[in-house]
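Report on the structure given below.
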Amino acid sequence: MNAETTMKTIDQTAPNWERDPVLSVQHLTMRFGGLVAVGDLSFEVGRGDITALIGPNGAGKTTVFNCVTGFYKPTEGRVVMRHGPGRQDEAVDEVTASGLRWKSSDKGAVFLLERMPDHEISHKAKVARTFQNIRLFGGMTVLENLLVAQHNPLMVASGFSIGGILGLPSYRNAQKEAIDKAIYWLERTNLVERADDPAADLPYGDQRRLEIARAMCIGPQLLCLDEPAAGLNPRESAELNGLLKYIRDEHNVSVLLIEHDMGVVMEISDHVVVLDYGVKISDGSADFVKSDPKVIAAYLGVDEESEIDMPEVLEDVEKVVEEADTTKAGKSSASSRKPAAKAGSGKASGKTPAAKKTSSRGAKVPAASKAEPVPQGLLDTGTAKAKPAARKPASRVSAAKPTGTSATATTVKPAAASKATKSTAAQIKAEKPAKSASGTARAKPAAKAKVAAPAASEIKIADAGNYPGQQPHGTKKPRAGGANNLTRVKGIGPANEKKLNALGIWHFDQIAAWKKAEIEWVGAYLSFPGRIDREEWVKQAKVLAKGGETEFSKRVDRGDVPTSVPGKRGAQPKPSTGSRKATGKGGKA
Amino acid sequence: MAASNTNAPTSDVTPVGAQAEAEAHRLPPAPANNPHSLAASVRDAAIAAFLAGVLGFFFIGVRTDIAPGGLDLRMRWGAWIVSILVVFAGRLLLNIFVWKTDKPITRRVKTGSGGMSETVSKTLKYALLAFALILPFFFTTFFPGKDRQFIDLAILIMTYIMLGWGLNIVVGLAGLLDLGYVAFYAVGAYSFALLAQYLDFGFWLALPLAGLLAATWGMILGFPVLRLRGDYLAIVTLAFGEIIRVVLLNWYEFTKGPDGISGIPKPTFFGLELKRGEGGFADFFGIAYDPIHRFIFLYYIILALALITNLVTMRLRRLPIGRAWEALREDEIACRSLGINTRNTKLTAFAIGAMFGGFAGSFFATRQGFISPESFTFLESAIILAIVVLGGLGSQIGVVIASVVMIGGIELLRNLGFLQQVFGSGFDPVQYRMLIFGLAMVLIMVWKPRGLVSTREPSAVYKEKKRIGADMVAQGEGH
Amino acid sequence: MSGAAELLLAVRGVETYYGNIVALRGVDMDVHRGEIVTLIGANGAGKSTLMMTICGDPRARKGRIVYDGMDITQMPTHEIVSHGIAQSPEGRRIFPRMTVMENLQMGAALVDPDHFDKDIEKVFKLFPRLKERIAQRGGTLSGGEQQMLAIARALMSRPKLLLLDEPSLGLAPLIVKQIFDAIRELNEKEGLTVFLVEQNAFHALKLAHRGYVMVNGVITMSGTGAELLKKEEVRAAYLEGGRH
């Protein structure tokens with residue numbers, strides 16, 4: 001994916017963005033004083049693709065946009081825009097060497113955007129954009145907004161105003177056509193009724209659509225949208241999805257968008273690029289990216305996927321809650337409802353966009369990894385897609401790392417753990433995946449036994465050396481009395497707990513004993529360096545190890561934290577009395 | 001968008017009304033007396049009148065005159081009572097109609113004139129145009145004694161209308177605050193004066209050249225201020241205006257400095273000079289010579305120039321360039337994202353605005369026959385800008401009204417002898433005219449903060465033309 | 001919240017206009033002390049208008065707004081705010097040319113300066129990102145960071161009632177969660193009363209004790225967050241996009 005312009009044979013099976021990129025961002029660096037907003041970033045936008053640029057706030061996404069559209073001059077790097085098919089590498093090299101800003105040939109045209117002023121990028125290179133904080137011409141009517149967008153062709157038609165002042169008919173015809181084009185886009189965006197109203201009068205959602213309509217009026221080849229779904233409700237977001245697909249499919253316009261709404265990103269994107277701190281951390285198809293642990297750690301949040309705003313989540317939550325309600329009287333303790341609900345929602349968010357398209361629920365859950373000992377045996381993975389690319393050396397234990405959905409992750413667990421802890425925890429864990437798979441999966445206890453039986457008493461991690469710092473000491477089994485409920489530490493959710501257990505970390509005092517090197521190692525291993533310090537795991541663990549309480553653990557025990565498992569285990573095994581529904585966070589009444 | 005959302009609440013959700021009722025008793029009681037009742041208004045007015053009485057007793061009711069052997073105290077009960085009554089009545093009326101009512105009349109006036117109906121504004125425009133066309137004959141017919149004075153005033157007003165329209169392009173449409181507009185007026189005037197002096201150019205030949213030169217200077221000013229915004233833009237344009245004046249003042253060999261240039265030729269009517277005797281205008285048409293002819297002629301020249309300015313501006317507004325100016329005023333960054341070359345667009349605005357200033361300048365030179373740098377001080381810039389702002393940014397008709405009010409008003413204040421009856425014989429209205437003028441401006445801006453005509457007319461219409469309220473329209477840079 | 005909870009903010013029959021256009025047509029709403037109340041609705045329904053009306057700009061043309069036993073309907077905005085209402089307005093409205101620190105100082109303008117150090121530590125704990133950017137100008141922050149700053153600034157005034165207009169707008173999922181967690185924590189720990197306008201109905205209803213649904217300037221439904229989440233109409237309109 002590293003876009004070198006040197007000739008290289010393009011594999012026909014390569015993704016579209018490598019074969020036929022409309023835009024190539026190459027080694028882009030943007031510095032503001034000492035601050036590096038974007039550092040050596042390279043990615044490509046495929047022609048006819050919808051490409052999403054995602055990442056945490058302040059990751060530099062808008063800076064990339066501003067570099068592409070000429071509002072910033074990049075400190076270093078090259079931004080290539082191509083009209084016409086193919087990579088046109090020769091033409092790109094030629095233009096780069098010649099010092100020209102662009103060059104057109106019979107095959108198309110090549111533009112070096114970093115050399116062009118912003119208005120030329122729009123006018124010549126046909127790159128249109130919208131803004132995060134909507135920038136409409138508020139005092140002008142909706143129609144006028146779209147006519148301003150057609151400034152350049154109209155300017156020519158008006159004979160640079162001279163013919164226009166004299167009232168020549170050619171200009172009148174051109175203006176008529178411009179209005180027709182504007183009305184066309186207003187019809188597409190459902191705004192035609194408001195054509196004569198000032199743009200500032202429109203409600204927020206309409207303004208967002210108007211901005212897209214205005215950008216389309218310049219006749220772009222690449223449309224750059226900065227958070228088009230921000231402030232839209234799910235219905236409006238869905239309409240937006242429809243509009244963007246229409247733009248891509250019917251007008252062959254490539255779309256590059258920044259978006260936080262995963263419902264939009266995952267449903268419509270052909271290609272997702274993830275930034276963090278100005279550096280690309282992931283790049284690939286939507287399915288690939290959303291199961292990339294680095295993305296989850298930096299952006300989606302470990303164990304917090306359930307919090308992504310997805311309406312489907314709600315359904316699953318409720319379904320699971322209902323199930324839990326009906327079986328409440330049964331063997332499972334009350335506390336199992338919570339994790340069940342949680343797992344259900346976690347899974348749902350993981351595969352939501354896919355599920356929208358396909359009726360088969362578990363179908364597109366990214367397979368946990370390539371680890372063949374089938375740790376994901378609990379899931380019906382028959383139809384699961386293979387991961388697009390292998391990244392880390394496969395090993396049994398690294399396979400135990402969650403790869404996007406806590407549902408898959410929870411299945412991966414040292415057998416020893418579940419055997420040793422006969423307490424509620426084991427039941428919870430067994431139940432979770434079963435629920436999460438919505439009936440498509442069955443619990444197979446046999447699979448558990450197969451998983452990761454460490455050879456020695458010490459936990460061995462195959463790629464342990466790949467992480468900085470030192471692997472913490474772990475024991476194969478928890479001490480007598482069972483493991484502690486690690487989720488009572490703020491920052492550790494069920495999936496992390498699993499991973500820690502896999503490392504042989506069972507008790508608070510183990511965490512409390514971590515030194516700097518160990519914190520660093522675990523941070524890297526869990527793919528969120530720095531967070532352990534930030535969330536003060538060690539400090540929390542010290543309190544908890546002494547039998548104390550933290551604010552967070554109290555909330556966990558009350559059942560207020562959907563991402564944690566209520567109840568104290570281990571030293572003081574005591575089933576939680578948390579009986580609140582996962583959805584009813586507010587339902588104190 | 002959400003037509004289906006309007007479903008009424010359904011059964012098991014608490015009805016909002018009931019809840020409100022149940023809890024209403026917990027709210028603190030509403031003030032017992034309605035502040036908007038008539039009684040309250042009267043009471044308030046009475047209090048005001050009482051205060052006026054107390055204060056006014058010494059200021060108005062008692063008068064001291066110097067009398068032999070000391071001061072003589074005289075009571076003016078009449079004036080005192082009148083002032084109390086005025087305060088009472090005024091306060092009461094304001095209470096009833098503005099302050100203590102649910103529907104203040106000011107709001108109605110505001111919305112009423114803000115959304116001046118299409119037909120009214122159109123009729124007003126045509127009526128004004130018709131009056132402007134027959135104006136000289138109106139004055140010669142109805143005010144034969146004072147016709148010269150009035151026509152001269154009309155010429156002056158028309159000059160400011162033209163300047164206002166010219167500046168409106170820069171400030172009103174493109175939203176670039178220009179405090180040095182008088183520089184282009186000066187360039188136009190001196191271009192003609194110098195061309196006439198050194199090269200014997202006539203008015204008609206020099207007019208386009210003056211416009212062109214002013215436009216060039218407009219571009220020259222434009223370049224350095226392209227990147228400036230807000231206050232900086234205003235200050236640099238202000239400096240530019242002063243630089244031009246100072247150069248004219250000090251380049252003695254060329255411009256004769258403070259002495260000014262005199263003997264600037266009068267415009268001819270297709271080669272005919274408007275002079276007494278042989279070969280003159282009156283002689284050619286066989287009518288009796290009357291000096292008023294020259295004034296009428298000058299009036300029609302400036303009327304024609306102003307109308308051209310207006311026509312071109314109105315046309316430009318409907319062209320892509322005009323729309324780009326307005327878009328620039330609304331949001332420059334969005335403009336650039338749409339492929340508009342903002343540098344060229346700004347320069348065009350400066351150049352075209354300056355060109356009309358230049359035309360007006362050469363007219364000024366030919367009308368006066370004498371120019372000096374004294375005519376092009378910052379005060380002129382300020383007055384022109386005030387006309388534009390008072391009229392409502394971007395509004396053509398607003399500029400007309402503001403010019404008539406301001407320039408006419410200043411002149412009118414010279415003739416306010418009757419005020420002496422009110423304020424006593426020692427009162428000279430001419431001395432106070434700038435004070436009154438400033439006060440009037442403040443009042444107008446309080447009454448209509450966005451100018452007299454504060455709606456914007458869209459430049460393109462799909463189905464129905466709707467005027468746009470000023471609160472939506474951005475003011476651009478430097479406001 | 002129990003029914004006996006004290007009424008902190010009561011909105012009764014409020015009508016608000018923009019010019020001649022009616023934006024709110026008789027809104028009744030309650031916020032009790034210690035409660036999180038959310039208002040959801042489509043774009044243009046008048047949610048933000050209600051929030052702004054509470055702060056007195058625009059003024060309610062009819063109806064009454066009572067806060068903490070005071071009738072604030074006609075009270076000047078700055079006075080309303082001085083009684084402990086803080087707002088993080090729509091569109092962030094941070095001071096773009098002031099640094100992050102200065103913005104926060106502005107937020108604390110009405111508060112005893114002795115609290116400042118403690119308060120600022122608190123908001124930095126909520127938004128560590130802001131601490132990293134402490135000397136940067138507000139206008140140069142990224143969109144999401146500006147949102148954080150707007151909320152942090154509102155918190156600096158030690159409000160009794162916090163009005164939040166779309167706090168999740170433009171924020172990454174992780175940050176949205178942090179902010180909602182933070183709101184919950186402030187509410188639980190410090191008893192802060194929160195009135196939340198959100199587009200993100202799912203999150204908002206999950207967080208809130210009670211919710212209201214607004215359509216075209218009228219409240220059409222109210223109930224606890226969980227109740228509303230279950231309602232078919234709410235889900236159809238605000239939760240499940242694109243399924244119709």
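Here, A, B, ... name the chains of the structure tokens in the order displayed, residue numbers run from 1 inside each chain, and ligands are numbered from 1 in the same displayed order.
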Contact table chain C vs chain A, cut-off 9 Å, shortest pair per residue, only C-alpha atoms, as a tab-separated table:
residue	atom	partner	partner_atom	distance
C:Met1	CA	A:Ala589	CA	5.2
C:Ser2	CA	A:Ala589	CA	6.1
C:Gly3	CA	A:Ala589	CA	8.3
C:Ile36	CA	A:Gly586	CA	8.2
C:Gly41	CA	A:Asn233	CA	8.6
C:Ala42	CA	A:Asn233	CA	6.9
C:Asn43	CA	A:Pro203	CA	5.9
C:Gly44	CA	A:Pro203	CA	4.8
C:Ala45	CA	A:Pro203	CA	8.6
C:Gly91	CA	A:Asn133	CA	7.7
C:Arg129	CA	A:Gly58	CA	8.8
C:Leu141	CA	A:Gly58	CA	7.5
C:Ser142	CA	A:Gly58	CA	5.2
C:Gly143	CA	A:Asn57	CA	7.3
C:Gly144	CA	A:Asn57	CA	5.2
C:Glu145	CA	A:Asn57	CA	6.5
C:Glu166	CA	A:Gly231	CA	7.5
C:Ser168	CA	A:Gly231	CA	8.3
C:Leu169	CA	A:Gly231	CA	5.6
C:Gly170	CA	A:Ala230	CA	5.4
C:Leu171	CA	A:Asn57	CA	6.3
C:Ala172	CA	A:His260	CA	5.3
C:Pro173	CA	A:Ile308	CA	5.8
C:Leu174	CA	A:Gly301	CA	5.5
C:Ile175	CA	A:Pro56	CA	7.8
C:Val176	CA	A:Glu307	CA	8.7
C:Lys177	CA	A:Glu307	CA	6.7
C:Glu198	CA	A:Gly231	CA	8.5
C:Gln199	CA	A:Asn233	CA	5.4
C:Asn200	CA	A:Asn233	CA	6.4
C:Ala201	CA	A:Asn233	CA	7.7
C:Phe202	CA	A:Asp309	CA	6.8
C:His203	CA	A:Asp309	CA	6.9
C:Leu205	CA	A:Gly586	CA	7.4
C:Lys206	CA	A:Lys585	CA	5.5
C:Leu207	CA	A:Gly586	CA	5.6
C:Ala208	CA	A:Gly586	CA	4.9
C:His209	CA	A:Gly586	CA	3.9
C:Arg210	CA	A:Gly586	CA	6.9
C:Thr224	CA	A:Gly587	CA	6.1
C:Gly225	CA	A:Gly586	CA	5.6
C:Ala226	CA	A:Gly584	CA	4.9
C:Glu227	CA	A:Gly587	CA	8.1
C:Leu229	CA	A:Thr583	CA	8.1
C:Lys230	CA	A:Glu318	CA	8.9
C:Arg235	CA	A:Pro311	CA	8.2
C:Ala236	CA	A:Arg235	CA	8.5
C:Ala237	CA	A:Arg235	CA	7.0
C:Tyr238	CA	A:Asn233	CA	6.1
C:Leu239	CA	A:Pro311	CA	5.3
C:Glu240	CA	A:Pro311	CA	5.2
C:Gly241	CA	A:Arg235	CA	3.4
C:Gly242	CA	A:Ala238	CA	4.7
C:Arg243	CA	A:Arg235	CA	8.2
C:His244	CA	A:Arg235	CA	9.0
Residue list (strand (DSSP E), DSSP) for stretch 193-254 of chain A, as a ChimeraX atom specification: /A:222-226,254
Test item: residues at most 10 Å from B:Glu330, only C-alpha atoms, excluding those fewer than 6 positions along its chain, as number ranges by chain: A: 135-140; B: 173-175, 324, 472-477
Interface residues on chain C facing chain B, 10 Å, only C-alpha atoms, written as JSON, numbers by chain: {"C": [6, 7, 9, 10, 11, 12, 13, 19, 20, 27, 28, 29, 30, 41, 42, 43, 44, 45, 61, 62, 64, 65, 66, 67, 68, 69, 70, 71, 212, 213, 214, 215, 216, 218, 219, 220, 221, 222, 223, 224, 227, 228, 231, 233, 234, 236, 237, 238]}
Interface list for chain A, partner chain B, 7 Å threshold, only C-alpha atoms, as a PyMOL selection string: chain A and resi 118-120+122-123+128-129+135+137-141+144+148-149+151+154-155+161+164-165+195-198+200+218
Residues just named, written with N, CA and C atoms as an mmCIF file, in the first residue's frame:
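The resulting result11.cif:
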data_model
loop_
_atom_site.group_PDB
_atom_site.id
_atom_site.type_symbol
_atom_site.label_atom_id
_atom_site.label_comp_id
_atom_site.auth_asym_id
_atom_site.auth_seq_id
_atom_site.Cartn_x
_atom_site.Cartn_y
_atom_site.Cartn_z
ATOM 1 N N ASP A 118 -5.544 26.639 -3.973
ATOM 2 C CA ASP A 118 -6.799 25.953 -3.656
ATOM 3 C C ASP A 118 -7.865 26.091 -4.733
ATOM 4 N N HIS A 119 -8.012 27.312 -5.288
ATOM 5 C CA HIS A 119 -9.112 27.459 -6.239
ATOM 6 C C HIS A 119 -8.837 26.702 -7.532
ATOM 7 N N GLU A 120 -7.563 26.533 -7.864
ATOM 8 C CA GLU A 120 -7.256 25.752 -9.064
ATOM 9 C C GLU A 120 -7.529 24.265 -8.828
ATOM 10 N N SER A 122 -9.843 23.022 -7.170
ATOM 11 C CA SER A 122 -11.266 22.816 -7.412
ATOM 12 C C SER A 122 -11.596 22.988 -8.892
ATOM 13 N N HIS A 123 -11.072 24.026 -9.476
ATOM 14 C CA HIS A 123 -11.428 24.397 -10.844
ATOM 15 C C HIS A 123 -10.816 23.448 -11.870
ATOM 16 N N ALA A 128 -13.647 18.557 -5.191
ATOM 17 C CA ALA A 128 -14.589 19.386 -4.428
ATOM 18 C C ALA A 128 -14.537 18.976 -2.974
ATOM 19 N N ARG A 129 -14.911 19.879 -2.110
ATOM 20 C CA ARG A 129 -14.878 19.513 -0.699
ATOM 21 C C ARG A 129 -16.025 20.169 0.060
ATOM 22 N N ARG A 135 -19.923 25.493 5.769
ATOM 23 C CA ARG A 135 -19.627 26.827 5.247
ATOM 24 C C ARG A 135 -20.497 27.093 4.039
ATOM 25 N N PHE A 137 -23.115 29.919 2.006
ATOM 26 C CA PHE A 137 -23.302 31.355 1.890
ATOM 27 C C PHE A 137 -24.680 31.640 2.472
ATOM 28 N N GLY A 138 -24.701 31.883 3.777
ATOM 29 C CA GLY A 138 -25.962 31.897 4.511
ATOM 30 C C GLY A 138 -26.956 32.940 4.029
ATOM 31 N N GLY A 139 -26.460 34.077 3.597
ATOM 32 C CA GLY A 139 -27.369 35.142 3.189
ATOM 33 C C GLY A 139 -27.814 35.025 1.746
ATOM 34 N N MET A 140 -27.340 34.002 1.070
ATOM 35 C CA MET A 140 -27.766 33.819 -0.317
ATOM 36 C C MET A 140 -28.721 32.628 -0.365
ATOM 37 N N THR A 141 -29.554 32.621 -1.395
ATOM 38 C CA THR A 141 -30.535 31.538 -1.450
ATOM 39 C C THR A 141 -29.838 30.225 -1.777
ATOM 40 N N GLU A 144 -28.776 30.228 -5.303
ATOM 41 C CA GLU A 144 -27.576 31.049 -5.531
ATOM 42 C C GLU A 144 -26.315 30.319 -5.073
ATOM 43 N N VAL A 148 -23.110 29.864 -7.468
ATOM 44 C CA VAL A 148 -21.740 30.292 -7.158
ATOM 45 C C VAL A 148 -20.773 29.141 -7.439
ATOM 46 N N ALA A 149 -21.229 27.932 -7.176
ATOM 47 C CA ALA A 149 -20.364 26.771 -7.412
ATOM 48 C C ALA A 149 -20.054 26.600 -8.888
ATOM 49 N N HIS A 151 -19.310 28.980 -10.863
ATOM 50 C CA HIS A 151 -18.732 30.291 -11.201
ATOM 51 C C HIS A 151 -17.881 30.246 -12.465
ATOM 52 N N LEU A 154 -19.642 29.695 -15.840
ATOM 53 C CA LEU A 154 -20.528 30.835 -16.096
ATOM 54 C C LEU A 154 -19.727 32.084 -16.434
ATOM 55 N N MET A 155 -18.582 32.215 -15.791
ATOM 56 C CA MET A 155 -17.719 33.368 -16.042
ATOM 57 C C MET A 155 -17.306 33.384 -17.515
ATOM 58 N N SER A 161 -17.901 38.814 -17.907
ATOM 59 C CA SER A 161 -18.824 39.858 -17.475
ATOM 60 C C SER A 161 -19.154 40.871 -18.568
ATOM 61 N N GLY A 164 -22.028 39.703 -20.475
ATOM 62 C CA GLY A 164 -23.140 39.665 -19.535
ATOM 63 C C GLY A 164 -23.747 41.034 -19.309
ATOM 64 N N ILE A 165 -22.881 42.042 -19.182
ATOM 65 C CA ILE A 165 -23.394 43.393 -18.958
ATOM 66 C C ILE A 165 -24.185 43.848 -20.174
ATOM 67 N N ALA A 195 -35.505 25.999 -2.655
ATOM 68 C CA ALA A 195 -34.554 26.637 -3.579
ATOM 69 C C ALA A 195 -34.438 28.141 -3.378
ATOM 70 N N ASP A 196 -35.538 28.793 -3.035
ATOM 71 C CA ASP A 196 -35.502 30.250 -2.945
ATOM 72 C C ASP A 196 -35.379 30.761 -1.514
ATOM 73 N N ASP A 197 -35.098 29.879 -0.598
ATOM 74 C CA ASP A 197 -34.911 30.305 0.785
ATOM 75 C C ASP A 197 -33.431 30.545 1.063
ATOM 76 N N PRO A 198 -33.148 31.487 1.953
ATOM 77 C CA PRO A 198 -31.736 31.675 2.293
ATOM 78 C C PRO A 198 -31.167 30.418 2.955
ATOM 79 N N ALA A 200 -29.112 29.994 5.251
ATOM 80 C CA ALA A 200 -29.002 30.000 6.708
ATOM 81 C C ALA A 200 -30.312 29.580 7.366
ATOM 82 N N ILE A 218 -19.765 21.680 -8.964
ATOM 83 C CA ILE A 218 -18.552 22.033 -9.697
ATOM 84 C C ILE A 218 -18.152 20.889 -10.625
#
Distance of atom CA of A:Val265 from atom CA of A:Arg47, expressed in Å to one decimal place: 17.5 Å
C:Ala150 surroundings by only C-alpha atoms, 12 Å radius, close-in-sequence under 5 positions cut, as JSON, numbers by chain: {"C": [86, 87, 88, 89, 90, 91, 92, 93, 94, 95, 96, 100, 101, 103, 104, 106, 107, 123, 127, 130, 138, 139, 141, 143, 144, 145, 155, 156, 157, 162, 163, 164, 165, 166, 167, 168, 169, 179]}
